[in-house]
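J.: File name target.pdb; file contents PDB, C-alpha atoms, pLDDT in the B column; full text below.
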```
ATOM      1  CA  MET A   1       0.418  25.971 -39.300  1.00 70.00           C
ATOM      2  CA  ASN A   2      -1.799  27.435 -36.591  1.00 83.00           C
ATOM      3  CA  ILE A   3      -2.145  26.156 -33.033  1.00 83.00           C
ATOM      4  CA  SER A   4      -5.519  24.457 -33.540  1.00 82.00           C
ATOM      5  CA  LYS A   5      -4.150  22.288 -36.365  1.00 86.00           C
ATOM      6  CA  ILE A   6      -1.112  21.349 -34.275  1.00 89.00           C
ATOM      7  CA  ILE A   7      -3.350  20.343 -31.359  1.00 87.00           C
ATOM      8  CA  LEU A   8      -5.629  18.326 -33.617  1.00 86.00           C
ATOM      9  CA  ILE A   9      -2.677  16.509 -35.219  1.00 90.00           C
ATOM     10  CA  ALA A  10      -1.171  15.820 -31.767  1.00 90.00           C
ATOM     11  CA  LEU A  11      -4.505  14.406 -30.611  1.00 89.00           C
ATOM     12  CA  ILE A  12      -4.795  12.141 -33.658  1.00 91.00           C
ATOM     13  CA  VAL A  13      -1.212  10.885 -33.259  1.00 93.00           C
ATOM     14  CA  PHE A  14      -1.748  10.317 -29.519  1.00 92.00           C
ATOM     15  CA  ASP A  15      -4.963   8.343 -30.107  1.00 91.00           C
ATOM     16  CA  LEU A  16      -3.476   6.308 -32.962  1.00 94.00           C
ATOM     17  CA  PHE A  17      -0.467   5.413 -30.822  1.00 94.00           C
ATOM     18  CA  PHE A  18      -2.655   4.082 -27.990  1.00 91.00           C
ATOM     19  CA  LEU A  19      -5.007   2.391 -30.461  1.00 92.00           C
ATOM     20  CA  ILE A  20      -2.084   0.507 -32.036  1.00 94.00           C
ATOM     21  CA  LEU A  21      -0.813  -0.449 -28.570  1.00 92.00           C
ATOM     22  CA  ALA A  22      -4.243  -1.779 -27.556  1.00 89.00           C
ATOM     23  CA  ALA A  23      -4.742  -3.658 -30.838  1.00 93.00           C
ATOM     24  CA  ASN A  24      -1.446  -5.466 -30.243  1.00 93.00           C
ATOM     25  CA  HIS A  25      -2.241  -6.117 -26.536  1.00 91.00           C
ATOM     26  CA  TYR A  26       0.435  -3.779 -25.166  1.00 91.00           C
ATOM     27  CA  LYS A  27       0.266  -1.416 -22.201  1.00 88.00           C
ATOM     28  CA  PHE A  28       2.640   1.016 -20.550  1.00 86.00           C
ATOM     29  CA  VAL A  29       4.058  -0.424 -17.347  1.00 84.00           C
ATOM     30  CA  ALA A  30       3.801   2.944 -15.582  1.00 82.00           C
ATOM     31  CA  LEU A  31       0.115   3.421 -16.430  1.00 80.00           C
ATOM     32  CA  GLY A  32      -1.031  -0.106 -15.672  1.00 76.00           C
ATOM     33  CA  SER A  33      -4.751  -0.330 -15.090  1.00 75.00           C
ATOM     34  CA  VAL A  34      -5.451   3.420 -15.258  1.00 79.00           C
ATOM     35  CA  SER A  35      -4.336   3.819 -18.870  1.00 82.00           C
ATOM     36  CA  PHE A  36      -7.897   4.359 -20.119  1.00 80.00           C
ATOM     37  CA  LEU A  37      -8.444   7.146 -17.559  1.00 84.00           C
ATOM     38  CA  PHE A  38      -5.180   8.758 -18.695  1.00 89.00           C
ATOM     39  CA  ILE A  39      -6.252   8.578 -22.360  1.00 88.00           C
ATOM     40  CA  ILE A  40      -9.687  10.069 -21.628  1.00 87.00           C
ATOM     41  CA  THR A  41      -8.152  12.887 -19.580  1.00 88.00           C
ATOM     42  CA  VAL A  42      -5.573  13.797 -22.242  1.00 89.00           C
ATOM     43  CA  ASN A  43      -8.280  13.752 -24.934  1.00 87.00           C
ATOM     44  CA  LEU A  44     -10.533  16.026 -22.887  1.00 87.00           C
ATOM     45  CA  VAL A  45      -7.749  18.496 -22.151  1.00 88.00           C
ATOM     46  CA  LEU A  46      -6.542  18.619 -25.768  1.00 87.00           C
ATOM     47  CA  LEU A  47     -10.081  18.987 -27.104  1.00 85.00           C
ATOM     48  CA  LEU A  48     -10.758  21.802 -24.632  1.00 85.00           C
ATOM     49  CA  ILE A  49      -7.558  23.600 -25.665  1.00 85.00           C
ATOM     50  CA  TRP A  50      -8.480  23.052 -29.332  1.00 83.00           C
ATOM     51  CA  ALA A  51     -11.990  24.483 -28.775  1.00 83.00           C
ATOM     52  CA  ILE A  52     -10.554  27.548 -27.028  1.00 82.00           C
ATOM     53  CA  ALA A  53      -7.955  28.043 -29.781  1.00 80.00           C
ATOM     54  CA  ARG A  54     -10.689  27.828 -32.436  1.00 79.00           C
ATOM     55  CA  LYS A  55     -12.704  30.386 -30.442  1.00 80.00           C
ATOM     56  CA  LEU A  56     -15.802  28.225 -30.432  1.00 77.00           C
ATOM     57  CA  ASN A  57     -18.964  29.388 -28.677  1.00 80.00           C
ATOM     58  CA  ARG A  58     -18.251  29.561 -24.907  1.00 79.00           C
ATOM     59  CA  GLY A  59     -21.599  28.012 -24.036  1.00 83.00           C
ATOM     60  CA  LEU A  60     -20.924  25.047 -26.302  1.00 80.00           C
ATOM     61  CA  VAL A  61     -17.420  24.624 -24.876  1.00 80.00           C
ATOM     62  CA  LEU A  62     -18.780  24.692 -21.305  1.00 82.00           C
ATOM     63  CA  ILE A  63     -21.513  22.170 -22.073  1.00 85.00           C
ATOM     64  CA  LEU A  64     -19.108  19.794 -23.809  1.00 82.00           C
ATOM     65  CA  SER A  65     -16.589  20.225 -20.981  1.00 83.00           C
ATOM     66  CA  PHE A  66     -19.171  19.273 -18.373  1.00 86.00           C
ATOM     67  CA  VAL A  67     -20.330  16.288 -20.442  1.00 87.00           C
ATOM     68  CA  GLY A  68     -16.720  15.126 -20.866  1.00 84.00           C
ATOM     69  CA  LEU A  69     -15.950  15.662 -17.204  1.00 86.00           C
ATOM     70  CA  GLY A  70     -19.119  13.776 -16.277  1.00 88.00           C
ATOM     71  CA  PHE A  71     -18.048  10.884 -18.495  1.00 86.00           C
ATOM     72  CA  LEU A  72     -14.607  10.875 -16.846  1.00 85.00           C
ATOM     73  CA  LEU A  73     -16.163  10.898 -13.365  1.00 88.00           C
ATOM     74  CA  ILE A  74     -18.466   7.982 -14.247  1.00 89.00           C
ATOM     75  CA  GLN A  75     -15.516   5.999 -15.601  1.00 83.00           C
ATOM     76  CA  SER A  76     -13.516   6.794 -12.456  1.00 84.00           C
ATOM     77  CA  PHE A  77     -16.421   5.683 -10.262  1.00 86.00           C
ATOM     78  CA  LEU A  78     -16.722   2.401 -12.192  1.00 82.00           C
ATOM     79  CA  TYR A  79     -12.981   1.893 -11.792  1.00 79.00           C
ATOM     80  CA  ILE A  80     -13.340   2.367  -8.034  1.00 80.00           C
ATOM     81  CA  LEU A  81     -16.197  -0.178  -7.910  1.00 78.00           C
ATOM     82  CA  THR A  82     -14.136  -2.868  -9.635  1.00 77.00           C
ATOM     83  CA  PRO A  83     -10.523  -1.952  -8.935  1.00 77.00           C
ATOM     84  CA  THR A  84      -7.806  -3.653 -10.901  1.00 82.00           C
ATOM     85  CA  THR A  85      -4.550  -4.427  -9.161  1.00 82.00           C
ATOM     86  CA  PHE A  86      -1.177  -5.305 -10.649  1.00 85.00           C
ATOM     87  CA  ASP A  87       1.346  -7.564  -8.964  1.00 86.00           C
ATOM     88  CA  SER A  88       4.564  -8.855 -10.443  1.00 87.00           C
ATOM     89  CA  VAL A  89       6.671 -11.984 -10.221  1.00 88.00           C
ATOM     90  CA  SER A  90      10.345 -12.020 -11.194  1.00 87.00           C
ATOM     91  CA  SER A  91      12.307 -15.070 -12.221  1.00 86.00           C
ATOM     92  CA  PRO A  92      15.045 -16.228  -9.831  1.00 85.00           C
ATOM     93  CA  LEU A  93      17.729 -14.889 -12.189  1.00 81.00           C
ATOM     94  CA  GLY A  94      15.848 -11.620 -12.609  1.00 78.00           C
ATOM     95  CA  ASN A  95      15.866 -11.816 -16.413  1.00 82.00           C
ATOM     96  CA  GLU A  96      12.074 -12.236 -16.772  1.00 85.00           C
ATOM     97  CA  LYS A  97       9.191 -10.479 -15.085  1.00 87.00           C
ATOM     98  CA  VAL A  98       5.499 -11.292 -15.286  1.00 89.00           C
ATOM     99  CA  TYR A  99       2.832  -8.767 -14.339  1.00 89.00           C
ATOM    100  CA  ILE A 100      -0.500 -10.128 -13.170  1.00 90.00           C
ATOM    101  CA  GLU A 101      -3.543  -7.899 -13.491  1.00 89.00           C
ATOM    102  CA  HIS A 102      -6.252  -9.151 -11.145  1.00 86.00           C
ATOM    103  CA  ARG A 103      -9.693  -8.171  -9.995  1.00 84.00           C
ATOM    104  CA  ASN A 104     -12.581  -9.885  -8.300  1.00 81.00           C
ATOM    105  CA  PHE A 105     -16.315  -9.497  -8.154  1.00 79.00           C
ATOM    106  CA  SER A 106     -18.907 -11.297  -6.135  1.00 77.00           C
ATOM    107  CA  LEU A 107     -22.573 -12.130  -6.634  1.00 77.00           C
ATOM    108  CA  GLY A 108     -23.017 -15.118  -4.306  1.00 75.00           C
ATOM    109  CA  GLU A 109     -19.869 -16.724  -5.627  1.00 80.00           C
ATOM    110  CA  THR A 110     -16.616 -14.877  -6.089  1.00 81.00           C
ATOM    111  CA  SER A 111     -15.020 -14.671  -9.536  1.00 83.00           C
ATOM    112  CA  TYR A 112     -11.317 -13.913  -9.761  1.00 84.00           C
ATOM    113  CA  SER A 113     -10.001 -12.637 -13.087  1.00 87.00           C
ATOM    114  CA  TYR A 114      -6.280 -12.818 -13.913  1.00 89.00           C
ATOM    115  CA  ASN A 115      -4.570 -11.354 -16.984  1.00 91.00           C
ATOM    116  CA  PHE A 116      -0.874 -12.032 -17.471  1.00 93.00           C
ATOM    117  CA  PHE A 117       1.622  -9.653 -19.058  1.00 93.00           C
ATOM    118  CA  GLN A 118       5.245 -10.079 -20.035  1.00 91.00           C
ATOM    119  CA  ILE A 119       7.690  -7.170 -19.968  1.00 87.00           C
ATOM    120  CA  LYS A 120       8.811  -6.061 -23.430  1.00 86.00           C
ATOM    121  CA  GLY A 121      11.579  -3.506 -23.382  1.00 81.00           C
ATOM    122  CA  SER A 122      11.608  -1.457 -20.226  1.00 81.00           C
ATOM    123  CA  ILE A 123       8.368   0.510 -20.521  1.00 88.00           C
ATOM    124  CA  PHE A 124       5.930  -1.857 -22.265  1.00 90.00           C
ATOM    125  CA  MET A 125       4.155  -4.998 -21.181  1.00 90.00           C
ATOM    126  CA  LYS A 126       2.450  -7.394 -23.598  1.00 92.00           C
ATOM    127  CA  GLU A 127      -0.628  -9.329 -22.591  1.00 92.00           C
ATOM    128  CA  LEU A 128      -0.323 -13.093 -22.858  1.00 92.00           C
ATOM    129  CA  VAL A 129      -3.838 -13.249 -24.280  1.00 86.00           C
ATOM    130  CA  ASP A 130      -4.417 -16.995 -24.520  1.00 88.00           C
ATOM    131  CA  GLN A 131      -3.373 -17.541 -20.912  1.00 88.00           C
ATOM    132  CA  ASN A 132      -5.861 -15.380 -19.023  1.00 86.00           C
ATOM    133  CA  GLN A 133      -7.639 -17.150 -16.183  1.00 87.00           C
ATOM    134  CA  LEU A 134     -11.040 -16.893 -14.510  1.00 85.00           C
ATOM    135  CA  LEU A 135     -11.423 -18.757 -11.227  1.00 84.00           C
ATOM    136  CA  VAL A 136     -14.803 -19.041  -9.524  1.00 82.00           C
ATOM    137  CA  THR A 137     -15.296 -20.098  -5.909  1.00 78.00           C
ATOM    138  CA  ARG A 138     -17.909 -20.097  -3.174  1.00 76.00           C
ATOM    139  CA  ASN A 139     -17.514 -19.125   0.477  1.00 68.00           C
ATOM    140  CA  ASN A 140     -14.422 -17.079  -0.243  1.00 66.00           C
ATOM    141  CA  PRO A 141     -14.840 -13.349   0.468  1.00 62.00           C
ATOM    142  CA  PRO A 142     -13.414 -11.020  -2.165  1.00 58.00           C
ATOM    143  CA  GLY A 143     -10.352  -8.971  -1.312  1.00 60.00           C
ATOM    144  CA  GLY A 144      -6.822  -8.164  -2.425  1.00 56.00           C
ATOM    145  CA  ALA A 145      -5.108 -10.765  -0.238  1.00 66.00           C
ATOM    146  CA  ASN A 146      -7.546 -13.445  -1.393  1.00 71.00           C
ATOM    147  CA  ASP A 147      -6.727 -12.629  -5.033  1.00 74.00           C
ATOM    148  CA  ILE A 148      -3.098 -13.527  -4.344  1.00 77.00           C
ATOM    149  CA  LYS A 149      -3.917 -16.680  -2.348  1.00 79.00           C
ATOM    150  CA  MET A 150      -6.505 -17.901  -4.862  1.00 81.00           C
ATOM    151  CA  LEU A 151      -3.945 -17.889  -7.693  1.00 83.00           C
ATOM    152  CA  GLY A 152      -1.006 -18.946  -5.555  1.00 83.00           C
ATOM    153  CA  LEU A 153       0.846 -15.798  -6.517  1.00 82.00           C
ATOM    154  CA  ASP A 154       2.713 -15.726  -3.215  1.00 81.00           C
ATOM    155  CA  VAL A 155       4.720 -18.864  -4.169  1.00 85.00           C
ATOM    156  CA  PRO A 156       5.474 -18.957  -7.914  1.00 89.00           C
ATOM    157  CA  HIS A 157       7.425 -21.910  -9.346  1.00 89.00           C
ATOM    158  CA  TRP A 158       9.743 -21.085 -12.242  1.00 91.00           C
ATOM    159  CA  LYS A 159      10.222 -24.273 -14.282  1.00 89.00           C
ATOM    160  CA  ASN A 160      12.665 -22.564 -16.644  1.00 86.00           C
ATOM    161  CA  LYS A 161      13.261 -19.072 -18.099  1.00 84.00           C
ATOM    162  CA  LYS A 162       9.998 -19.142 -20.071  1.00 87.00           C
ATOM    163  CA  GLU A 163       7.574 -20.999 -17.767  1.00 90.00           C
ATOM    164  CA  VAL A 164       6.130 -20.091 -14.408  1.00 91.00           C
ATOM    165  CA  SER A 165       3.419 -22.005 -12.588  1.00 91.00           C
ATOM    166  CA  PHE A 166       1.110 -21.130  -9.741  1.00 90.00           C
ATOM    167  CA  ASN A 167      -0.553 -23.614  -7.397  1.00 88.00           C
ATOM    168  CA  SER A 168      -4.030 -22.124  -7.392  1.00 85.00           C
ATOM    169  CA  ARG A 169      -6.869 -23.439  -5.277  1.00 80.00           C
ATOM    170  CA  GLN A 170      -8.334 -24.942  -8.438  1.00 82.00           C
ATOM    171  CA  GLY A 171      -5.184 -26.645  -9.714  1.00 85.00           C
ATOM    172  CA  THR A 172      -1.833 -25.765 -11.216  1.00 88.00           C
ATOM    173  CA  ILE A 173      -1.786 -22.891 -13.696  1.00 90.00           C
ATOM    174  CA  THR A 174       1.263 -22.709 -15.971  1.00 90.00           C
ATOM    175  CA  ILE A 175       2.087 -19.514 -17.859  1.00 91.00           C
ATOM    176  CA  HIS A 176       4.308 -19.742 -20.948  1.00 91.00           C
ATOM    177  CA  LEU A 177       6.286 -16.623 -21.867  1.00 89.00           C
ATOM    178  CA  ASP A 178       7.282 -15.611 -25.400  1.00 82.00           C
TER     179      ASP A 178
END
```
Could you rewrite the structure in this file as structure tokens?
T.:
Amino acid sequence: MNISKIILIALIVFDLFFLILAANHYKFVALGSVSFLFIITVNLVLLLIWAIARKLNRGLVLILSFVGLGFLLIQSFLYILTPTTFDSVSSPLGNEKVYIEHRNFSLGETSYSYNFFQIKGSIFMKELVDQNQLLVTRNNPPGGANDIKMLGLDVPHWKNKKEVSFNSRQGTITIHLD
């Protein structure tokens, strides 16, 4: 088997792996919110190596490389505009850990978006899909510290091993773990 077929098979396996993870609401803990940038970068690099190994037209390879790099830069810029932050809360016994993905955006009123993840194994986290929260408020400037205060993330209350609640500014939010 030649190198171009190996690269193409590796790319397909890589993409299928991340597609299956996303379809089942899983993420790598280490990648967190930049997983899509990682996937785009790996795809671009592998496709560039594949194009060079296949000895495709240099002009075509350069054009496609610049288009791909432009796409990656636009995605990176959009990520910078609406950054996503991860914080975690551990149970008092340390046997459970919840990751909270949060971001905010403001157009007159500030919207805070919270997605909750439970650790599965040591390298995966599974999104608790039905428990995501969107809190909207006025006269509250957006910012990282306000994200934490708005949810009440600084003082979590563990009811038992599978329930944690937060005293948000809009009421108590209880998260149920699997």
J.: With all atoms listed in the file as the basis for distance, which of A:Ile9, A:Leu56, A:Val89, A:Val155 is at the shortest distance from Phe117 (chain A)?
T.: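 Checking each of A:Ile9, A:Leu56, A:Val89, A:Val155 against Phe117 (chain A), counting all atoms listed in the file, the winner is A:Val89.
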J.: Using all atoms of region 70-86 of chain A listed in the file and a margin of 6 Å per side, can you give the axis-aligned box centre and edge lengths in Å to one decimal, as lines of an AutoDock Vina configuration file?
T.:
```
center_x = -10.1
center_y = 4.2
center_z = -13.2
size_x = 29.9
size_y = 31.1
size_z = 22.6
```
J.: Please, what distance in Å, to one decimal, runs between CA of Val136 (chain A) and CA of Thr110 (chain A)?
T.: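 Going from CA of Val136 (chain A) over to CA of Thr110 (chain A), I get 5.7 Å.
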J.: Considering only C-alpha atoms, give me a table of residues in region 111-160 of chain A that are at most 10 Å from region 71-87 of chain A, with the closest atom pair and distance in Å for each, as JSON lines.
T.:
```
{"residue": "A:Ser113", "atom": "CA", "partner": "A:Thr84", "partner_atom": "CA", "distance": 9.5}
{"residue": "A:Tyr114", "atom": "CA", "partner": "A:Phe86", "partner_atom": "CA", "distance": 9.7}
{"residue": "A:Asn115", "atom": "CA", "partner": "A:Phe86", "partner_atom": "CA", "distance": 9.4}
{"residue": "A:Phe116", "atom": "CA", "partner": "A:Phe86", "partner_atom": "CA", "distance": 9.6}
{"residue": "A:Phe117", "atom": "CA", "partner": "A:Phe86", "partner_atom": "CA", "distance": 9.9}
{"residue": "A:Gly144", "atom": "CA", "partner": "A:Thr85", "partner_atom": "CA", "distance": 8.0}
{"residue": "A:Asp147", "atom": "CA", "partner": "A:Thr85", "partner_atom": "CA", "distance": 9.4}
{"residue": "A:Ile148", "atom": "CA", "partner": "A:Asp87", "partner_atom": "CA", "distance": 8.8}
{"residue": "A:Leu153", "atom": "CA", "partner": "A:Asp87", "partner_atom": "CA", "distance": 8.6}
```
J.: Residues at most 12 Å from region 90-99 of chain A, counting all atoms listed in the file, excluding those fewer than 5 positions away in the same chain, as JSON, numbers by chain?
T.: {"A": [27, 28, 29, 30, 32, 33, 85, 114, 115, 116, 117, 118, 119, 120, 121, 122, 124, 125, 126, 127, 128, 132, 153, 154, 155, 156, 157, 158, 159, 160, 161, 162, 163, 164, 165, 175, 176, 177, 178]}
J.: Could you list, as a PyMOL selection string, every residue within 10 Å of Ile49 (chain A), counting only C-alpha atoms and ignoring same-chain residues fewer than 3 positions away?
T.: chain A and resi 3-4+7-8+43-46+52-55+61
J.: Residues of the last selection are to be written out with C-alpha atoms, as a compact mmCIF listing (two decimals), in the frame of the given file.
T.:
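Output (selection-v2.txt):
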```
# COMPACT_ATOMS: atom_id res chain seq x y z
CA ILE A 3 -2.14 26.16 -33.03
CA SER A 4 -5.52 24.46 -33.54
CA ILE A 7 -3.35 20.34 -31.36
CA LEU A 8 -5.63 18.33 -33.62
CA ASN A 43 -8.28 13.75 -24.93
CA LEU A 44 -10.53 16.03 -22.89
CA VAL A 45 -7.75 18.50 -22.15
CA LEU A 46 -6.54 18.62 -25.77
CA ILE A 52 -10.55 27.55 -27.03
CA ALA A 53 -7.96 28.04 -29.78
CA ARG A 54 -10.69 27.83 -32.44
CA LYS A 55 -12.70 30.39 -30.44
CA VAL A 61 -17.42 24.62 -24.88
```
J.: May I ask which of the residues A:Met150, A:Ile6, A:Leu69, A:Ile63 is the closest one to His102 (chain A), counting all atoms listed in the file?
T.: A:Met150
J.: Report the distance between CA of Trp50 (chain A) and CA of Asn24 (chain A) in Å, rounded to one decimal place.
T.: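 Calculated distance between CA of Trp50 (chain A) and CA of Asn24 (chain A) is 29.4 Å.
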J.: Expressed in Å to a single decimal, how great is the separation between CA of Leu134 (chain A) and CA of Ala23 (chain A)?
T.: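 Going from CA of Leu134 (chain A) over to CA of Ala23 (chain A) covers 21.9 Å.
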J.: Give the answer as one residue: which of A:Leu151, A:Gly70, A:Gln131, A:Thr172 has the shortest atom-to-atom distance to Ser111 (chain A), using only C-alpha atoms?
T.: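 The answer is A:Leu151, which sits nearest to Ser111 (chain A).
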J.: List as a PyMOL selection string the protein and nucleic acid residues near Glu109 (chain A), meaning an atom at most 6 Å away when all atoms listed in the file are counted, but skip any in the same chain fewer than 2 places from it.
T.: chain A and resi 106-107+137-138
